[in-house]
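This report refers to the structure that appears directly beneath it.
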Amino acid sequence: MPIRPALSRRDAILILLGASIMHIFTIFFPHESAPPEILIDTPREQFLPDPPPPPPEVTRYHTRTTTLVQATTTTATVVAIPSAGPASASPLDLALEFPATTLIAHAPGWTLFKDLYMSNGTFFIVTDSKSEFPKIPLMASHPLTALNEPENIRQRMPTPYNMDFLTLAEAHQRWGDDVRNGKKNRVLSVAGNTVLVNEPRQFLRHYYHLVAELFFGVQAFWHGAFSAASTDIDRDYMLGPHPAPPPIDRVIFARSNADGWRDGPGFNAYFMRAAFPSTTIEVEDDWNDRVTITTSGDRAWHFPLLLLTDRSASHRGDVCGSQTQRIAAEAFVEMRRKNQLVGLRVGGWWEPVRSAVLRFAGAEVQLPDYSEQVVFDGDNAEGDPRLPMPAKIVITYISRQSAGQRKLTPESHDELVKALKDLQERKGDKWELNVVEAEKITKDEQLKIAARTTILLGVHGNGLTHLVMMQPTRISTVIEMFYPEGFAHDYQWTTRALGMKHFAVWNDTYRTEGRGEGKPQVNYPDPGFQGNFIPVHGPSIAKLIEDRVEGRVVLREFNFRKPEVATKTHGDSERQDRPESEGSHPILFPGTLIAAPLDFVDCRWAPHRSSGTAPMYPRRQLL
Ligand SMILES: *[C@@H]1O[C@H](CO)[C@@H](O)[C@H](O)[C@H]1NC(C)=O
Ligand SMILES: *[C@@H]1O[C@H](CO)[C@@H](O)[C@H](O)[C@H]1NC(C)=O
């Protein structure tokens, strides 16, 4: 098996053995007072001073370490995690000192705090070392609807009413009392683990933005924060099992009403309940209750573990703000930089969510074994040989022809369907074609199809969000049709974050990362982009699909050597293998990629062994 969806029996026994030993160990040697053992491998390590030893009455985090032994020689230490929170209902009642806020992980717009406080609507970081925290505008914002105007951008900057610092003494002065004489503090713990979404409903009401952007980022960040760092290439291919991160007990959409996070077709609610069945969802009214009853400022809420997500703060970061416009990219890139994303090449970190939703939908999620795989007769340099081929090539065209906008011209649509049918008929029963109008089938049906899809095709739009439910195979691909010259990162970035390939199609040409001009610049040509007269040349798309499946679209990106020296690059002798025009593409080894924000797969390509024909520049014609 090139991919490891499950561990062998031997592994399972080893894990069980390891876990049992640890269990017995923890029974006899409980880590009662040990601080949670979170491996933090960042320059911000100094942000995490050991928390002051808690007074006996205060919160205790249970710490557990398990050792996962894989079939190979790899040994990954599973990071211990804080448990759900304080043991008693209001453990800070009698604390002599409140636990100081600590930072578990941070990227612009994504901040995972331990012991964060809120009073009168203000998040308080309680610390005596405030310089060790990121700048507040990279963590929080004044939560207004975002407009791309200077005045609005200025108004969204956080004020001290949005987030502020307090020293330990100030916090105690405000919210504490004379506990030695039987008086109680005025801090209530909100037990459990919280994700707080600090953005208005503006983007939440869309399937793409909620699922494939916000929760895609939540999963990358949450999963990454509680995974051990590892540069083991085998782990890059693991779909699971993973050490389970602590549960998300509640999600608070603090700036949105109950309607605001629910999209029209109802996918958001379906996703949230299926992916996080035990998670409580609170909205603005619930948050405002907590704000209103603390307006006096003399009492506060304590959140033992809270991930604060903030869209505007993400846009102040470089990865989101200037490169991708995806808030999830900040979370993903930070965790990748720390080598804390499990299954980087196969979306393994996302798999727990994907499989939960697909299980709920009743979809089949089995990966094919070798005996059933489609024979790959393309060049071996194409595609990642460590990924399986699918058992069947399933092409799914999500048609928008009955949607309100962004349609193909009727002739383009007809010609495309005909070309795809011809292709499927020519190839026989190892190929399957689905032409789907999402509005006309159930959600379960849509997800079941997505789970089986090898090549997902559609005009730029929400239907492509289903790509997050596709299985990673050697040739899994998203083909996105744009009005010629148009481009946006939404589906492109997301596809690639899951280790799949993305092609942007402009009528009869395509653009993709890693060859030729690479991916295009973001562009919304008006009025064509949103219009209903998008031209595509069906035979060109059918040809692209056939070439991609049969290994003739050579992306040359895989290089499995694991260099000792991360910064090593190819010598000039190897450079001559490549066409001149690619000279600007640095050939990097995996270790160097950590700093490369986006090209995390395509940068790893090695010179193609049998490059008979140089790619055509500047733009490759499909036919
Ligand atoms: C509570 O917050 C509001 C602004 O949101 C502010 O005007 C008010 O002064 C605050 N109250 C206290 C006691 O800080
Ligand atoms: C699309 O491509 C086809 C095939 O090359 C070409 O005949 C047609 O004119 C193109 N349409 C547009 C609008 O560019």
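Residues are referred to by chain and number: the chain letter is A, B, ... according to the order shown in the structure tokens, the number counts from 1 in that chain, and ligands are numbered separately from 1 in the order shown.
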Checklist entry - Leaving out range 339-345 of chain A and any residue of its chain fewer than 2 positions from it, which residues lie within 7 Å of it when counting only C-alpha atoms, given as a PyMOL selection string? => result chain A and resi 224+227-231+235-239+335-337+347-349+498-499
Hey, can you spit out that residue selection with C-alpha atoms as a PDB file, in the first residue's frame?
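Listing of result_27.pdb after writing:
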```
ATOM      1  CA  GLY A 224      -1.463  21.189  13.933  1.00  0.00           C
ATOM      2  CA  SER A 227       0.547  17.372  16.698  1.00  0.00           C
ATOM      3  CA  ALA A 228       4.226  16.777  17.244  1.00  0.00           C
ATOM      4  CA  ALA A 229       6.631  18.325  14.776  1.00  0.00           C
ATOM      5  CA  SER A 230       8.103  15.808  12.372  1.00  0.00           C
ATOM      6  CA  THR A 231       9.937  15.902   9.065  1.00  0.00           C
ATOM      7  CA  ARG A 235       4.056  10.925   7.788  1.00  0.00           C
ATOM      8  CA  ASP A 236       3.312  13.233   4.862  1.00  0.00           C
ATOM      9  CA  TYR A 237       1.316  10.365   3.356  1.00  0.00           C
ATOM     10  CA  MET A 238      -0.626   9.361   6.422  1.00  0.00           C
ATOM     11  CA  LEU A 239      -4.362   9.684   6.178  1.00  0.00           C
ATOM     12  CA  MET A 335       1.520  24.731  10.914  1.00  0.00           C
ATOM     13  CA  ARG A 336       3.375  23.508   7.847  1.00  0.00           C
ATOM     14  CA  ARG A 337       6.295  25.738   8.760  1.00  0.00           C
ATOM     15  CA  GLY A 347      -4.756  16.242   3.351  1.00  0.00           C
ATOM     16  CA  GLY A 348      -4.315  13.827   6.251  1.00  0.00           C
ATOM     17  CA  TRP A 349      -4.875  16.600   8.796  1.00  0.00           C
ATOM     18  CA  LEU A 498      -5.043  18.969   0.016  1.00  0.00           C
ATOM     19  CA  GLY A 499      -2.252  17.747  -2.232  1.00  0.00           C
TER      20      GLY A 499
END
```
Contact table chain A vs ligand 1, cut-off 7 Å, shortest pair per residue, only C-alpha atoms and all ligand atoms, as JSON lines:
```
{"residue": "A:Asn120", "atom": "CA", "partner": "ligand 1", "partner_atom_place_in_ligand_line": "1 (C)", "distance": 4.9}
{"residue": "A:Gly121", "atom": "CA", "partner": "ligand 1", "partner_atom_place_in_ligand_line": "5 (O)", "distance": 6.5}
{"residue": "A:Tyr161", "atom": "CA", "partner": "ligand 1", "partner_atom_place_in_ligand_line": "5 (O)", "distance": 5.9}
{"residue": "A:Thr295", "atom": "CA", "partner": "ligand 1", "partner_atom_place_in_ligand_line": "1 (C)", "distance": 5.1}
{"residue": "A:Ser296", "atom": "CA", "partner": "ligand 1", "partner_atom_place_in_ligand_line": "13 (C)", "distance": 4.4}
{"residue": "A:Gly297", "atom": "CA", "partner": "ligand 1", "partner_atom_place_in_ligand_line": "13 (C)", "distance": 4.3}
```
Can you build me a table of range 466-561 of chain A residues sitting at most 12 Å from range 261-273 of chain A, with the closest atom pair per residue and its distance in Å to one decimal, using only C-alpha atoms, sorted by chain and residue number, as a Markdown table?
```
| residue | atom | partner | partner_atom | distance |
| --- | --- | --- | --- | --- |
| A:His466 | CA | A:Phe267 | CA | 10.3 |
| A:Val468 | CA | A:Phe271 | CA | 11.5 |
| A:Met469 | CA | A:Phe271 | CA | 11.0 |
```
Item to check | Cut-off 12 Å, only C-alpha atoms and all ligand atoms, neighbours of ligand 2 as JSON, numbers by chain | outcome: {"A": [408, 409, 411, 412, 415, 416, 482, 483, 484, 485, 505, 506, 507, 508, 509, 510, 528, 533, 534, 535, 536, 537, 538, 539, 540, 541, 620, 621, 622, 623]}
Kindly provide the residues of range 334-388 of chain A that approach range 445-454 of chain A to within 12 Å, each paired with its closest atom pair and their distance in Å to one decimal, based on only C-alpha atoms, listed by chain and increasing number, as a Markdown table.
```
| residue | atom | partner | partner_atom | distance |
| --- | --- | --- | --- | --- |
| A:Glu351 | CA | A:Ala451 | CA | 11.9 |
| A:Arg354 | CA | A:Ala451 | CA | 9.1 |
| A:Ser355 | CA | A:Ala451 | CA | 9.5 |
| A:Ala356 | CA | A:Leu447 | CA | 11.7 |
| A:Val357 | CA | A:Leu447 | CA | 8.5 |
| A:Leu358 | CA | A:Leu447 | CA | 6.8 |
| A:Arg359 | CA | A:Lys448 | CA | 9.5 |
| A:Phe360 | CA | A:Leu447 | CA | 9.7 |
| A:Ala361 | CA | A:Leu447 | CA | 6.6 |
| A:Gly362 | CA | A:Lys448 | CA | 7.1 |
| A:Ala363 | CA | A:Lys448 | CA | 4.6 |
| A:Glu364 | CA | A:Lys448 | CA | 7.1 |
| A:Val365 | CA | A:Ala451 | CA | 6.7 |
| A:Gln366 | CA | A:Arg452 | CA | 9.4 |
| A:Leu367 | CA | A:Arg452 | CA | 9.7 |
| A:Pro368 | CA | A:Arg452 | CA | 10.9 |
| A:Val374 | CA | A:Thr454 | CA | 11.6 |
| A:Pro388 | CA | A:Thr454 | CA | 11.6 |
```
Checklist entry - Out of range 490-556 of chain A, which residues get alpha helix (DSSP H) from DSSP, as a list of chain:residue names? => result A:Asp490, A:Tyr491, A:Gln492, A:Trp493, A:Thr494, A:Thr495, A:Arg496, A:Ala497, A:Gly538, A:Pro539, A:Ser540, A:Ile541, A:Ala542, A:Lys543, A:Leu544, A:Ile545, A:Glu546, A:Asp547, A:Arg548, A:Val549
Go ahead and save the picked residues with N, CA and C atoms, as a PDB file, in the first residue's frame.
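The result, written out as result_37.pdb:
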```pdb
ATOM      1  N   ASP A 490      -9.641  31.018  -4.560  1.00  0.00           N
ATOM      2  CA  ASP A 490     -10.492  30.238  -3.646  1.00  0.00           C
ATOM      3  C   ASP A 490     -10.272  28.731  -3.770  1.00  0.00           C
ATOM      4  N   TYR A 491     -10.563  28.206  -4.945  1.00  0.00           N
ATOM      5  CA  TYR A 491     -10.510  26.745  -5.110  1.00  0.00           C
ATOM      6  C   TYR A 491      -9.100  26.290  -5.454  1.00  0.00           C
ATOM      7  N   GLN A 492      -8.348  27.148  -6.078  1.00  0.00           N
ATOM      8  CA  GLN A 492      -6.972  26.810  -6.433  1.00  0.00           C
ATOM      9  C   GLN A 492      -6.153  26.524  -5.169  1.00  0.00           C
ATOM     10  N   TRP A 493      -6.197  27.458  -4.231  1.00  0.00           N
ATOM     11  CA  TRP A 493      -5.401  27.280  -3.025  1.00  0.00           C
ATOM     12  C   TRP A 493      -5.872  26.056  -2.240  1.00  0.00           C
ATOM     13  N   THR A 494      -7.181  25.932  -2.131  1.00  0.00           N
ATOM     14  CA  THR A 494      -7.759  24.854  -1.325  1.00  0.00           C
ATOM     15  C   THR A 494      -7.411  23.487  -1.917  1.00  0.00           C
ATOM     16  N   THR A 495      -7.519  23.382  -3.238  1.00  0.00           N
ATOM     17  CA  THR A 495      -7.177  22.123  -3.912  1.00  0.00           C
ATOM     18  C   THR A 495      -5.745  21.730  -3.591  1.00  0.00           C
ATOM     19  N   ARG A 496      -4.869  22.679  -3.703  1.00  0.00           N
ATOM     20  CA  ARG A 496      -3.459  22.380  -3.530  1.00  0.00           C
ATOM     21  C   ARG A 496      -3.099  22.112  -2.074  1.00  0.00           C
ATOM     22  N   ALA A 497      -3.827  22.743  -1.155  1.00  0.00           N
ATOM     23  CA  ALA A 497      -3.562  22.469   0.260  1.00  0.00           C
ATOM     24  C   ALA A 497      -3.877  21.008   0.596  1.00  0.00           C
ATOM     25  N   GLY A 538     -15.067  22.541 -25.288  1.00  0.00           N
ATOM     26  CA  GLY A 538     -15.224  21.197 -24.718  1.00  0.00           C
ATOM     27  C   GLY A 538     -14.118  20.223 -25.085  1.00  0.00           C
ATOM     28  N   PRO A 539     -13.781  20.094 -26.367  1.00  0.00           N
ATOM     29  CA  PRO A 539     -12.748  19.118 -26.728  1.00  0.00           C
ATOM     30  C   PRO A 539     -11.406  19.399 -26.037  1.00  0.00           C
ATOM     31  N   SER A 540     -11.094  20.674 -25.805  1.00  0.00           N
ATOM     32  CA  SER A 540      -9.838  20.990 -25.109  1.00  0.00           C
ATOM     33  C   SER A 540      -9.871  20.467 -23.681  1.00  0.00           C
ATOM     34  N   ILE A 541     -11.031  20.596 -23.048  1.00  0.00           N
ATOM     35  CA  ILE A 541     -11.132  20.140 -21.660  1.00  0.00           C
ATOM     36  C   ILE A 541     -11.056  18.615 -21.605  1.00  0.00           C
ATOM     37  N   ALA A 542     -11.732  17.960 -22.527  1.00  0.00           N
ATOM     38  CA  ALA A 542     -11.668  16.490 -22.563  1.00  0.00           C
ATOM     39  C   ALA A 542     -10.227  16.028 -22.782  1.00  0.00           C
ATOM     40  N   LYS A 543      -9.532  16.756 -23.623  1.00  0.00           N
ATOM     41  CA  LYS A 543      -8.123  16.408 -23.882  1.00  0.00           C
ATOM     42  C   LYS A 543      -7.262  16.608 -22.629  1.00  0.00           C
ATOM     43  N   LEU A 544      -7.508  17.701 -21.943  1.00  0.00           N
ATOM     44  CA  LEU A 544      -6.759  17.943 -20.702  1.00  0.00           C
ATOM     45  C   LEU A 544      -6.998  16.809 -19.702  1.00  0.00           C
ATOM     46  N   ILE A 545      -8.257  16.408 -19.573  1.00  0.00           N
ATOM     47  CA  ILE A 545      -8.578  15.338 -18.621  1.00  0.00           C
ATOM     48  C   ILE A 545      -7.852  14.047 -19.021  1.00  0.00           C
ATOM     49  N   GLU A 546      -7.935  13.721 -20.292  1.00  0.00           N
ATOM     50  CA  GLU A 546      -7.308  12.479 -20.759  1.00  0.00           C
ATOM     51  C   GLU A 546      -5.792  12.533 -20.533  1.00  0.00           C
ATOM     52  N   ASP A 547      -5.194  13.665 -20.860  1.00  0.00           N
ATOM     53  CA  ASP A 547      -3.752  13.807 -20.673  1.00  0.00           C
ATOM     54  C   ASP A 547      -3.363  13.729 -19.200  1.00  0.00           C
ATOM     55  N   ARG A 548      -4.162  14.345 -18.392  1.00  0.00           N
ATOM     56  CA  ARG A 548      -3.866  14.347 -16.958  1.00  0.00           C
ATOM     57  C   ARG A 548      -3.952  12.923 -16.396  1.00  0.00           C
ATOM     58  N   VAL A 549      -5.003  12.217 -16.770  1.00  0.00           N
ATOM     59  CA  VAL A 549      -5.187  10.865 -16.248  1.00  0.00           C
ATOM     60  C   VAL A 549      -4.091   9.941 -16.764  1.00  0.00           C
TER      61      VAL A 549
END
```
